[in-house]
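Structure file start-v2.cif with mmCIF, C-alpha atoms and all ligand atoms:
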```cif
data_model
loop_
_atom_site.label_atom_id
_atom_site.label_comp_id
_atom_site.auth_asym_id
_atom_site.auth_seq_id
_atom_site.Cartn_x
_atom_site.Cartn_y
_atom_site.Cartn_z
CA MET A 1228 76.01 51.78 108.39
CA ASP A 1229 78.68 54.12 107.27
CA SER A 1230 80.59 51.78 105.08
CA ASP A 1231 80.16 48.46 103.45
CA GLU A 1232 82.70 46.86 105.76
CA ASP A 1233 80.81 47.76 108.92
CA ILE A 1234 79.60 44.69 110.70
CA PRO A 1235 76.24 45.19 112.37
CA ILE A 1236 76.16 44.67 116.11
CA LEU A 1237 74.28 41.53 117.05
CA ILE A 1238 71.29 42.48 119.08
CA GLU A 1239 69.66 40.15 121.54
CA HIS A 1240 66.18 39.35 120.52
CA LYS A 1241 63.76 37.81 122.96
CA GLU A 1242 61.80 35.72 120.52
CA ALA A 1243 65.11 34.75 119.01
CA PRO A 1244 64.91 33.35 115.56
CA LEU A 1245 65.79 29.71 115.40
CA LEU A 1246 68.85 30.56 113.37
CA SER A 1247 71.84 29.60 115.41
CA THR A 1248 75.23 31.11 114.81
CA SER A 1249 76.48 27.75 113.63
CA GLU A 1250 73.77 27.66 110.99
CA ILE A 1251 74.36 31.15 109.76
CA ALA A 1252 76.94 31.65 107.08
CA THR A 1253 79.59 33.89 108.53
CA PRO A 1254 81.54 36.33 106.43
CA GLY A 1255 84.39 34.41 104.88
CA SER A 1256 82.61 31.09 105.10
CA HIS A 1257 81.66 29.85 101.73
CA HIS A 1258 77.99 29.38 101.53
CA VAL A 1259 75.46 32.13 101.45
CA PRO A 1260 72.01 30.60 101.62
CA CYS A 1261 69.41 32.06 99.31
CA THR A 1262 65.69 31.89 99.95
CA ILE A 1263 63.26 32.43 97.13
CA LEU A 1264 60.15 34.27 98.26
CA THR A 1265 57.14 33.66 96.10
CA GLY A 1266 53.41 34.25 96.43
CA PHE A 1267 50.55 35.55 94.38
CA LEU A 1268 49.92 39.26 93.77
CA GLY A 1269 49.12 41.08 96.97
CA ALA A 1270 49.60 38.08 99.26
CA GLY A 1271 51.96 39.96 101.57
CA LYS A 1272 55.50 39.35 100.30
CA SER A 1273 56.56 43.00 100.53
CA THR A 1274 55.04 43.31 103.98
CA LEU A 1275 57.15 40.38 105.16
CA LEU A 1276 60.27 41.81 103.54
CA LYS A 1277 59.65 45.23 105.00
CA ARG A 1278 59.54 43.64 108.41
CA ILE A 1279 62.80 41.81 107.83
CA LEU A 1280 64.43 44.99 106.59
CA THR A 1281 63.42 47.07 109.56
CA GLU A 1282 63.41 44.68 112.52
CA ARG A 1283 66.46 44.19 114.69
CA HIS A 1284 67.30 40.57 114.17
CA GLY A 1285 71.05 40.88 113.96
CA TYR A 1286 71.55 39.34 110.54
CA ARG A 1287 72.94 40.92 107.45
CA ILE A 1288 70.38 39.94 104.91
CA ALA A 1289 70.38 41.08 101.31
CA VAL A 1290 66.85 41.41 100.06
CA ILE A 1291 66.48 41.44 96.32
CA MET A 1292 63.19 42.80 95.12
CA ASN A 1293 61.79 43.30 91.69
CA GLU A 1294 60.80 46.78 92.59
CA PHE A 1295 60.83 48.72 95.80
CA GLY A 1296 57.21 49.74 95.57
CA ASP A 1297 55.98 51.12 98.85
CA THR A 1298 58.98 49.60 100.61
CA ALA A 1299 60.91 52.62 99.38
CA ASN A 1300 59.37 54.68 102.13
CA ILE A 1301 61.03 52.66 104.87
CA GLU A 1302 63.72 54.48 106.73
CA ALA A 1303 66.97 53.83 104.93
CA LYS A 1304 70.40 54.93 105.98
CA ALA A 1305 71.46 55.66 102.47
CA ILE A 1306 69.99 55.43 99.06
CA ASN A 1307 72.47 54.89 96.30
CA VAL A 1308 71.36 55.04 92.79
CA SER A 1309 73.87 53.52 90.43
CA SER A 1310 75.49 56.03 88.20
CA PRO A 1311 74.92 55.70 84.47
CA ASP A 1312 78.62 55.05 83.83
CA ASP A 1313 78.65 52.20 86.31
CA PRO A 1314 79.24 49.03 84.27
CA THR A 1315 76.80 47.10 86.46
CA ALA A 1316 74.17 49.81 86.23
CA GLU A 1317 71.95 47.94 83.88
CA MET A 1318 71.72 45.09 86.35
CA SER A 1319 71.57 46.83 89.68
CA GLU A 1320 69.42 49.85 90.02
CA GLU A 1321 69.08 50.97 93.57
CA PHE A 1322 70.30 50.02 96.99
CA LEU A 1323 68.80 50.80 100.33
CA GLU A 1324 71.06 50.25 103.31
CA LEU A 1325 69.01 49.72 106.37
CA ALA A 1326 69.74 50.62 109.95
CA ASN A 1327 69.58 46.96 110.99
CA GLY A 1328 72.47 45.99 108.71
CA CYS A 1329 70.32 44.61 105.94
CA LEU A 1330 70.55 45.68 102.39
CA CYS A 1331 67.69 46.00 100.00
CA CYS A 1332 68.20 46.20 96.32
CA SER A 1333 66.17 46.18 93.23
CA ILE A 1334 67.62 44.41 90.25
CA LYS A 1335 66.02 43.76 86.93
CA ASP A 1336 67.96 40.63 86.32
CA THR A 1337 67.62 38.04 89.05
CA GLY A 1338 70.12 35.74 87.35
CA ILE A 1339 73.16 34.50 89.19
CA ALA A 1340 75.44 37.00 87.46
CA ALA A 1341 73.47 39.90 88.89
CA ILE A 1342 73.51 38.47 92.41
CA GLU A 1343 77.20 37.78 92.06
CA LYS A 1344 77.82 41.39 91.05
CA LEU A 1345 75.84 42.52 94.04
CA MET A 1346 78.01 40.42 96.34
CA GLU A 1347 81.16 41.74 94.74
CA ARG A 1348 80.06 45.29 95.26
CA LYS A 1349 78.53 44.94 98.67
CA GLY A 1350 80.38 42.04 100.29
CA ALA A 1351 79.02 38.78 101.53
CA PHE A 1352 75.79 38.49 103.43
CA ASP A 1353 74.46 36.07 105.99
CA HIS A 1354 71.53 35.36 103.77
CA ILE A 1355 69.94 36.41 100.49
CA LEU A 1356 66.20 36.74 100.09
CA LEU A 1357 65.05 36.85 96.52
CA GLU A 1358 61.53 38.04 95.90
CA THR A 1359 59.85 36.92 92.71
CA THR A 1360 56.98 38.77 91.11
CA GLY A 1361 53.50 37.65 92.04
CA LEU A 1362 53.07 36.03 88.64
CA ALA A 1363 56.38 34.22 88.48
CA ASP A 1364 56.88 30.50 88.48
CA PRO A 1365 59.63 29.97 91.08
CA GLY A 1366 60.58 26.56 89.62
CA PRO A 1367 63.12 27.72 87.02
CA ILE A 1368 64.75 30.16 89.44
CA ALA A 1369 64.96 27.46 92.11
CA SER A 1370 66.42 25.03 89.62
CA MET A 1371 69.00 27.56 88.46
CA LEU A 1372 70.06 28.46 91.99
CA TRP A 1373 70.13 24.88 93.15
CA HIS A 1374 72.62 23.84 90.52
CA ASN A 1375 74.34 27.17 90.63
CA GLU A 1376 77.66 25.77 91.84
CA GLU A 1377 78.14 24.01 88.54
CA TYR A 1378 77.79 27.13 86.48
CA ALA A 1379 78.63 30.18 88.53
CA THR A 1380 82.04 31.72 88.92
CA GLY A 1381 83.57 33.87 91.63
CA LEU A 1382 81.38 34.77 94.56
CA GLY A 1383 78.31 33.51 92.77
CA ARG A 1384 79.54 29.99 93.36
CA ASP A 1385 78.98 30.49 97.05
CA ILE A 1386 75.26 30.99 96.77
CA VAL A 1387 73.26 27.94 97.73
CA LEU A 1388 69.54 27.50 97.52
CA ASP A 1389 68.11 27.29 101.02
CA GLY A 1390 64.44 26.93 100.20
CA VAL A 1391 61.35 28.34 98.54
CA VAL A 1392 58.87 30.19 100.76
CA CYS A 1393 55.39 30.96 99.47
CA VAL A 1394 53.06 33.57 100.95
CA VAL A 1395 49.42 32.66 100.38
CA ASP A 1396 46.69 35.25 100.76
CA GLY A 1397 44.26 34.22 103.49
CA VAL A 1398 41.54 36.38 101.95
CA PHE A 1399 41.91 35.68 98.23
CA GLY A 1400 44.05 32.55 98.23
CA LYS A 1401 41.09 30.19 97.88
CA GLN A 1402 39.67 32.10 94.92
CA GLN A 1403 43.12 32.37 93.32
CA MET A 1404 43.67 28.64 93.55
CA GLU A 1405 40.18 27.85 92.25
CA GLU A 1406 40.42 30.22 89.32
CA ASP A 1407 43.99 29.41 88.47
CA HIS A 1408 44.28 28.69 84.78
CA SER A 1409 47.04 28.55 82.28
CA VAL A 1410 47.74 27.07 78.91
CA ASP A 1411 49.20 23.86 80.24
CA GLY A 1412 46.72 23.66 83.07
CA ILE A 1413 49.05 24.64 85.90
CA GLY A 1414 48.51 28.25 86.85
CA GLU A 1415 50.98 30.37 88.75
CA SER A 1416 49.47 30.30 92.19
CA LEU A 1417 49.38 26.50 92.18
CA ARG A 1418 52.89 26.25 90.78
CA GLN A 1419 54.11 28.55 93.52
CA ILE A 1420 52.52 26.41 96.21
CA ALA A 1421 53.69 23.20 94.55
CA CYS A 1422 57.33 24.34 94.43
CA SER A 1423 57.49 25.61 97.99
CA ASP A 1424 59.22 24.22 101.02
CA VAL A 1425 57.43 26.45 103.52
CA ILE A 1426 54.06 28.15 103.21
CA LEU A 1427 52.95 31.26 105.07
CA LEU A 1428 49.19 31.57 105.16
CA ASN A 1429 49.00 35.31 105.62
CA LYS A 1430 46.23 37.78 106.54
CA VAL A 1431 44.61 35.34 108.93
CA ASP A 1432 43.44 38.37 110.91
CA LEU A 1433 40.98 39.13 108.13
CA VAL A 1434 39.24 35.76 107.84
CA GLU A 1435 37.19 33.38 109.95
CA GLU A 1436 38.81 30.25 111.29
CA ALA A 1437 36.65 28.13 108.96
CA GLN A 1438 38.09 29.83 105.91
CA VAL A 1439 41.61 29.42 107.22
CA ILE A 1440 41.00 25.69 107.66
CA THR A 1441 39.54 25.45 104.14
CA ILE A 1442 42.56 27.15 102.56
CA GLU A 1443 44.96 25.03 104.57
CA ALA A 1444 43.21 21.92 103.27
CA MET A 1445 43.45 23.22 99.70
CA ILE A 1446 47.15 23.97 100.07
CA ARG A 1447 47.65 20.52 101.51
CA GLN A 1448 45.96 19.03 98.43
CA VAL A 1449 48.64 20.57 96.26
CA ASN A 1450 51.63 20.26 98.53
CA SER A 1451 51.38 17.81 101.37
CA SER A 1452 54.95 18.16 102.55
CA ALA A 1453 55.53 21.87 103.20
CA PRO A 1454 54.71 23.10 106.70
CA ILE A 1455 52.05 25.82 106.77
CA TYR A 1456 52.42 28.71 109.21
CA ARG A 1457 49.56 31.11 109.80
CA THR A 1458 50.74 34.71 109.80
CA ILE A 1459 49.53 38.26 110.28
CA ARG A 1460 51.53 40.82 108.31
CA GLY A 1461 54.24 38.26 107.74
CA GLN A 1462 54.98 37.86 111.46
CA VAL A 1463 56.88 34.62 111.54
CA ASP A 1464 59.95 33.51 113.36
CA LEU A 1465 62.73 33.85 110.80
CA GLY A 1466 64.03 30.44 111.81
CA TYR A 1467 61.00 28.87 110.15
CA ILE A 1468 61.74 30.41 106.79
CA MET A 1469 65.51 30.86 106.69
CA ASN A 1470 68.30 28.32 106.97
CA ILE A 1471 65.84 25.52 106.51
CA ASN A 1472 68.29 23.70 104.25
CA ALA A 1473 65.45 22.29 102.22
CA TYR A 1474 67.70 21.18 99.39
CA ALA A 1475 70.56 19.73 101.31
CA GLY A 1476 69.53 17.76 104.33
CA ALA A 1477 66.96 15.18 105.17
CA ASN A 1478 65.46 17.06 108.07
CA GLN A 1479 62.58 18.60 106.17
CA LEU A 1480 61.62 15.19 104.92
CA ARG A 1481 61.74 13.61 108.31
CA LYS A 1482 59.07 16.12 109.23
CA VAL A 1483 56.74 14.65 106.62
CA THR A 1484 55.47 12.44 109.36
CA PRO A 1485 52.35 12.91 111.41
CA ASP A 1486 53.75 14.35 114.58
CA GLN A 1487 54.56 18.01 114.35
CA HIS A 1488 52.78 20.86 116.01
CA VAL A 1489 54.22 24.32 116.49
CA HIS A 1490 52.38 27.14 118.13
CA ASP A 1491 53.36 30.75 118.22
CA GLU A 1492 51.52 33.85 119.13
CA ASP A 1493 51.37 35.14 115.61
CA CYS A 1494 52.11 32.07 113.66
CA GLN A 1495 50.93 28.53 114.00
CA GLU A 1496 51.75 25.49 112.08
CA HIS A 1497 48.86 23.19 111.44
CA ASP A 1498 49.64 19.65 110.68
CA HIS A 1499 47.07 17.97 108.55
CA GLN A 1500 49.01 14.83 108.06
CA SER A 1501 48.23 13.73 111.55
CA SER A 1502 44.70 12.88 110.55
CA GLU A 1503 43.95 9.18 110.78
CA ALA A 1504 42.40 9.29 107.36
CA SER A 1505 45.45 11.02 105.96
CA PRO A 1506 45.41 9.99 102.34
CA THR A 1507 48.56 9.85 100.30
CA HIS A 1508 47.07 11.47 97.27
CA TYR A 1509 45.21 14.74 96.95
CA GLU A 1510 44.41 16.82 93.94
CA LEU A 1511 43.48 20.39 93.16
CA ARG A 1512 42.96 21.50 89.59
CA GLY A 1513 45.14 18.67 88.36
CA ILE A 1514 48.03 19.45 90.73
CA SER A 1515 48.59 17.00 93.47
CA SER A 1516 50.98 15.56 95.94
CA LEU A 1517 51.70 11.87 95.94
CA GLN A 1518 53.40 10.46 98.98
CA VAL A 1519 54.50 6.83 98.95
CA SER A 1520 56.38 4.77 101.52
CA VAL A 1521 59.50 3.17 100.12
CA PRO A 1522 60.75 -0.06 101.71
CA THR A 1523 64.38 -0.73 102.49
CA LEU A 1524 66.14 -0.90 99.15
CA ASN A 1525 68.70 -3.36 97.88
CA SER A 1526 70.95 -2.40 94.99
CA SER A 1527 68.61 -3.68 92.28
CA SER A 1528 65.49 -2.06 93.73
CA PHE A 1529 67.49 1.16 94.16
CA ASP A 1530 68.51 1.03 90.47
CA ALA A 1531 64.92 0.37 89.48
CA LEU A 1532 63.74 3.33 91.55
CA ASP A 1533 66.43 5.57 90.07
CA GLY A 1534 65.39 4.54 86.56
CA TRP A 1535 61.76 5.17 87.44
CA ILE A 1536 62.57 8.67 88.69
CA ARG A 1537 64.54 9.42 85.51
CA SER A 1538 61.69 8.33 83.31
CA VAL A 1539 59.16 10.40 85.24
CA LEU A 1540 61.30 13.53 85.46
CA TRP A 1541 63.00 13.42 82.09
CA GLU A 1542 60.43 11.74 79.85
CA ASN A 1543 57.30 12.82 81.74
CA SER A 1544 56.27 9.24 81.48
CA LEU A 1545 56.11 6.04 83.52
CA PRO A 1546 58.66 3.45 82.43
CA ASP A 1547 55.89 0.84 82.24
CA TYR A 1548 53.30 3.17 80.76
CA ILE A 1549 50.82 1.33 78.60
CA HIS A 1550 49.09 3.48 76.06
CA GLU A 1551 45.34 3.37 75.72
CA PRO A 1552 44.21 0.81 73.10
CA ASP A 1553 43.55 3.49 70.51
CA GLY A 1554 46.90 5.07 71.31
CA SER A 1555 45.21 8.43 71.69
CA GLU A 1556 45.75 9.26 75.33
CA LYS A 1557 49.06 10.55 76.48
CA HIS A 1558 49.77 10.35 80.16
CA ASN A 1559 49.94 13.98 81.17
CA LEU A 1560 52.61 13.64 83.80
CA LYS A 1561 54.68 16.57 85.04
CA VAL A 1562 56.61 16.61 88.30
CA LEU A 1563 57.43 20.09 89.61
CA ARG A 1564 59.12 19.08 92.83
CA CYS A 1565 60.19 15.79 94.36
CA LYS A 1566 61.89 14.77 97.55
CA GLY A 1567 62.66 11.44 99.09
CA LEU A 1568 64.40 9.74 101.94
CA PHE A 1569 65.52 6.18 101.24
CA VAL A 1570 67.06 3.53 103.43
CA THR A 1571 69.29 0.85 101.93
CA GLU A 1572 69.96 -2.67 103.14
CA SER A 1573 73.48 -1.64 104.02
CA GLY A 1574 72.09 0.97 106.41
CA GLU A 1575 72.73 4.06 104.28
CA GLN A 1576 70.24 6.88 104.22
CA LEU A 1577 69.86 8.64 100.91
CA VAL A 1578 68.11 11.89 100.19
CA LEU A 1579 66.47 12.69 96.89
CA GLN A 1580 65.93 16.30 95.94
CA GLY A 1581 64.46 17.39 92.64
CA VAL A 1582 63.20 20.58 91.02
CA GLN A 1583 61.57 20.30 87.64
CA ASP A 1584 63.65 17.80 85.63
CA ARG A 1585 66.77 18.01 87.79
CA TYR A 1586 67.39 15.72 90.70
CA ASP A 1587 70.11 14.24 92.77
CA ILE A 1588 70.34 11.47 95.30
CA LYS A 1589 72.97 11.87 97.97
CA GLU A 1590 73.93 10.05 101.09
CA VAL A 1591 72.81 11.88 104.23
CA ASP A 1592 75.74 13.57 105.96
CA GLY A 1593 76.83 11.65 109.03
CA GLU A 1594 76.12 14.64 111.23
CA ASN A 1595 72.57 14.85 109.99
CA VAL A 1596 71.72 11.24 110.71
CA THR A 1597 69.42 11.10 113.67
CA GLY A 1598 68.40 7.44 113.80
CA VAL A 1599 67.54 5.27 110.85
CA PRO A 1600 63.87 5.53 109.86
CA GLU A 1601 62.01 2.24 109.47
CA SER A 1602 61.23 2.93 105.86
CA GLY A 1603 61.82 5.57 103.27
CA LYS A 1604 59.39 7.84 101.55
CA LEU A 1605 58.99 9.59 98.26
CA VAL A 1606 56.98 12.76 97.76
CA LEU A 1607 56.11 13.91 94.27
CA ILE A 1608 54.32 17.18 93.57
CA GLY A 1609 52.97 17.93 90.14
CA LYS A 1610 50.41 17.04 87.54
CA GLY A 1611 48.96 13.69 86.52
CA LEU A 1612 50.06 11.96 89.71
CA ASP A 1613 47.21 9.51 89.71
CA GLU A 1614 46.70 5.97 90.88
CA ARG A 1615 48.61 4.62 87.88
CA VAL A 1616 51.70 6.47 89.04
CA ARG A 1617 51.41 5.07 92.55
CA GLN A 1618 50.92 1.55 91.24
CA SER A 1619 53.81 1.84 88.83
CA LEU A 1620 56.05 2.97 91.68
CA THR A 1621 54.99 0.41 94.26
CA GLY A 1622 55.20 -2.24 91.51
CA LEU A 1623 58.97 -1.77 91.67
CA TRP A 1624 59.10 -3.65 94.94
CA ASN A 1625 55.76 -5.47 95.29
N1 LIG A 1701 45.10 42.97 107.42
C1 LIG A 1701 46.23 42.52 106.86
N2 LIG A 1701 46.73 43.16 105.78
C2 LIG A 1701 47.87 42.70 105.24
C3 LIG A 1701 48.53 41.57 105.77
N3 LIG A 1701 49.64 41.33 105.02
C4 LIG A 1701 49.67 42.28 104.06
N4 LIG A 1701 48.60 43.11 104.19
C5 LIG A 1701 48.27 44.23 103.30
O1 LIG A 1701 47.97 43.66 102.02
C6 LIG A 1701 48.42 44.53 100.97
C7 LIG A 1701 49.32 43.77 100.01
O2 LIG A 1701 50.49 43.39 100.71
P1 LIG A 1701 51.92 43.35 100.00
O3 LIG A 1701 52.89 43.00 101.06
O4 LIG A 1701 52.15 44.58 99.23
O5 LIG A 1701 51.72 42.15 99.01
P2 LIG A 1701 52.72 41.59 97.88
O6 LIG A 1701 52.63 40.11 97.90
O7 LIG A 1701 54.07 42.15 98.07
O8 LIG A 1701 52.06 42.18 96.58
P3 LIG A 1701 52.67 42.24 95.06
O9 LIG A 1701 53.98 42.95 95.16
O10 LIG A 1701 51.63 42.99 94.30
O11 LIG A 1701 52.78 40.84 94.57
C8 LIG A 1701 49.09 45.69 101.66
O12 LIG A 1701 48.15 46.73 101.74
C9 LIG A 1701 49.41 45.17 103.05
O13 LIG A 1701 49.44 46.20 104.02
C10 LIG A 1701 47.95 40.88 106.91
O14 LIG A 1701 48.42 39.86 107.41
N5 LIG A 1701 46.80 41.42 107.39
#
```
Write out the structure in this file as structure tokens.
Amino acid sequence: MDSDEDIPILIEHKEAPLLSTSEIATPGSHHVPCTILTGFLGAGKSTLLKRILTERHGYRIAVIMNEFGDTANIEAKAINVSSPDDPTAEMSEEFLELANGCLCCSIKDTGIAAIEKLMERKGAFDHILLETTGLADPGPIASMLWHNEEYATGLGRDIVLDGVVCVVDGVFGKQQMEEDHSVDGIGESLRQIACSDVILLNKVDLVEEAQVITIEAMIRQVNSSAPIYRTIRGQVDLGYIMNINAYAGANQLRKVTPDQHVHDEDCQEHDHQSSEASPTHYELRGISSLQVSVPTLNSSSFDALDGWIRSVLWENSLPDYIHEPDGSEKHNLKVLRCKGLFVTESGEQLVLQGVQDRYDIKEVDGENVTGVPESGKLVLIGKGLDERVRQSLTGLWN
């Protein structure tokens, strides 16, 4: 592109991404979806980004990386290095403008202010992809972006969190998950998987099918609700990772039912929830997913559920928690991500979304209602989600 105002020509793409023009934020429209890309060191994040930056997909995507690394050698139309007297220089370091209309930049500060500055300087984008470092916990960034509208000003207000995508290494992912340690018992690779809305199991060309199945099962133990797509060098239909609206609609949650199978040449989703024996509780190194059916709620059971969620998210404790007789044990409860779809007696459908200790429950938009499910569901991902938690929750209506 010669100037920032140039609009890239849309190019027809045979394996068209699932992004439809109605889903894509158009320049001037007010919401620019932002996807957080996470994944452990060397899993293949940069390889995926490099593909997005060089392929002709027709979208103007701003990719924000921590560092260009070997991506710097991709063919860029222009490389601008901010001048030292540029007031935003300390935030934005380098831009690469790519032939396909995308923009790649490296900023030290991934806070909203820095992204806002970027948008002011470079105009709006169809989508923002924010890469975190391999050792980062995406939870705080997701939480900040999700509630961004409350705090941001100017163009920054228009950024909405679309979802968290995690790349897992098909070769070393198993070892990374097994050896994951940290002070509070939740290491980075497990946190990244726990917080994600979509998982790409990458490098499947390098491992036997049996190992792929083993890793998928391990991922499922931590996060039972995110779809897993097998990839080679990040080859995945962009529609599976962008504009998934994981924090706004109920569609992702509807998919937490045992019926989905997607097959692609280079990427396949494998649904493990379809197993007859599909348990509702798994655990890996203390991190687990707890999935509970929620019956139709009346106003008092809804209030009770809301209070229960507050206690769990804000106090890290069950409202009815009974301490051990000697008072010594503390229930080590920590929810990293929660989602829910509830049905009320008056026929409303409500969606719960939560990241760390923040949550909201909203009525599903009329246009997103596709039939009323028989019952609701609640998915919690985090630590200490044991049988006591399940019983405490189901005790609200049993
Ligand atoms: N065979 C094979 N190699 C891959 C695949 N994906 C990535 N690689 C290679 O794996 C190495 C690491 O990939 P990167 O994309 O740099 O990984 P990353 O997650 O960005 O790494 P960090 O920035 O260190 O966190 C590179 O040498 C890639 O070429 C894949 O699917 N198959």
Pick out the residues no farther than 6 Å from ligand LIG 1701 (chain A), counting all atoms listed in the file, and list them as a list of chain:residue names.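 Result of the 6 Å neighbour search around ligand LIG 1701 (chain A): A:Phe1267, A:Leu1268, A:Gly1269, A:Ala1270, A:Gly1271, A:Lys1272, A:Ser1273, A:Thr1274, A:Thr1360, A:Gly1361, A:Asn1429, A:Lys1430, A:Asp1432, A:Leu1433, A:Ile1459, A:Arg1460.
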Please dump the current selection as an mmCIF file, in the coordinates of the input; keep C-alpha atoms.
```cif
data_model
loop_
_atom_site.group_PDB
_atom_site.id
_atom_site.type_symbol
_atom_site.label_atom_id
_atom_site.label_comp_id
_atom_site.auth_asym_id
_atom_site.auth_seq_id
_atom_site.Cartn_x
_atom_site.Cartn_y
_atom_site.Cartn_z
ATOM 1 C CA PHE A 1267 50.550 35.550 94.380
ATOM 2 C CA LEU A 1268 49.920 39.260 93.770
ATOM 3 C CA GLY A 1269 49.120 41.080 96.970
ATOM 4 C CA ALA A 1270 49.600 38.080 99.260
ATOM 5 C CA GLY A 1271 51.960 39.960 101.570
ATOM 6 C CA LYS A 1272 55.500 39.350 100.300
ATOM 7 C CA SER A 1273 56.560 43.000 100.530
ATOM 8 C CA THR A 1274 55.040 43.310 103.980
ATOM 9 C CA THR A 1360 56.980 38.770 91.110
ATOM 10 C CA GLY A 1361 53.500 37.650 92.040
ATOM 11 C CA ASN A 1429 49.000 35.310 105.620
ATOM 12 C CA LYS A 1430 46.230 37.780 106.540
ATOM 13 C CA ASP A 1432 43.440 38.370 110.910
ATOM 14 C CA LEU A 1433 40.980 39.130 108.130
ATOM 15 C CA ILE A 1459 49.530 38.260 110.280
ATOM 16 C CA ARG A 1460 51.530 40.820 108.310
#
```
Using all atoms listed in the file, which residues sit within 7 Å of Asn1472 (chain A) once same-chain residues fewer than 2 positions away are excluded, as a list in words?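 Everything that qualifies: Asp1389, Gly1390, Asn1470, Tyr1474, Ala1475 and Gly1476 of chain A.
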Have a look at A:Met1371, A:Leu1356, A:Ile1514, A:Cys1393 and name the one nearest to Val1582 (chain A); count all atoms listed in the file.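 Using all atoms listed in the file, the shortest distance to Val1582 (chain A) belongs to A:Met1371.
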Looking at all atoms listed in the file, which of A:Val1425, A:Met1292, A:Leu1605, A:Ala1369 is the one that sits closest to Leu1577 (chain A)?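 Closest to Leu1577 (chain A), using all atoms listed in the file: A:Leu1605.
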In terms of the shortest atom-to-atom distance over all atoms listed in the file, which of A:Pro1365, A:Gly1603, A:Gly1609, A:Gly1414 is closest to Glu1572 (chain A)?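 Nearest candidate to Glu1572 (chain A) out of A:Pro1365, A:Gly1603, A:Gly1609, A:Gly1414: A:Gly1603.
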Of the candidates A:Val1398, A:Leu1345, A:Leu1330, A:Val1562, which one gets nearest to Glu1542 (chain A) if we count all atoms listed in the file?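 Going through A:Val1398, A:Leu1345, A:Leu1330, A:Val1562 one by one, the smallest distance to Glu1542 (chain A) is for A:Val1562.
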So that I can see what lies close to Ala1531 (chain A), please list as number ranges by chain the residues with an atom at most 10 Å from it, counting only C-alpha atoms and leaving out residues fewer than 4 positions away in the same chain. A: 1524-1527, 1535-1537, 1546, 1620, 1623-1624
What's the 6 Å shell around Val1394 (chain A), counting only C-alpha atoms, without same-chain residues fewer than 6 positions away, as an MDAnalysis selection string? chainID A and resid 1266 1270 1426:1427
In Å to one decimal, how far is CA of Val1392 (chain A) from CA of Leu1517 (chain A)?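 Going from CA of Leu1517 (chain A) over to CA of Val1392 (chain A), I get 20.3 Å.
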So, counting only C-alpha atoms, which residue among A:Ile1263, A:Leu1545, A:Ile1442, A:Val1449 is closest to Pro1367 (chain A)?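 The shortest atom-to-atom distance to Pro1367 (chain A) comes from A:Ile1263.
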Using all atoms listed in the file, which residues of region 1371-1468 of chain A come within 9 Å of region 1277-1288 of chain A, and what is the closest atom pair for each, with the distance in Å to one decimal? Give it as CSV, sorted by chain and residue number.
```
residue,atom,partner,partner_atom,distance
A:Arg1460,CA,A:Arg1278,CA,8.5
A:Gly1461,CA,A:Arg1278,CA,7.6
A:Gln1462,CA,A:Arg1278,CA,8.0
A:Leu1465,CA,A:Ile1279,CA,8.5
```
Rounded to one decimal in Å, what is the spacing between CA of Ile1342 (chain A) and CA of Lys1589 (chain A)?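 Separating CA of Ile1342 (chain A) from CA of Lys1589 (chain A) is a distance of 27.2 Å.
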Padding of 4 Å on every side, edges along x, y and z, all listed atoms of region 1277-1292 of chain A included: what centre and edge lengths in Å, to one decimal, does that box have, as lines of an AutoDock Vina configuration file?
```
center_x = 66.2
center_y = 43.2
center_z = 104.9
size_x = 21.4
size_y = 15.7
size_z = 27.6
```
Please indicate the distance in Å from CA of Cys1261 (chain A) to CA of Val1387 (chain A), rounded to one decimal place.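 For CA of Cys1261 (chain A) relative to CA of Val1387 (chain A), the distance reads 5.9 Å.
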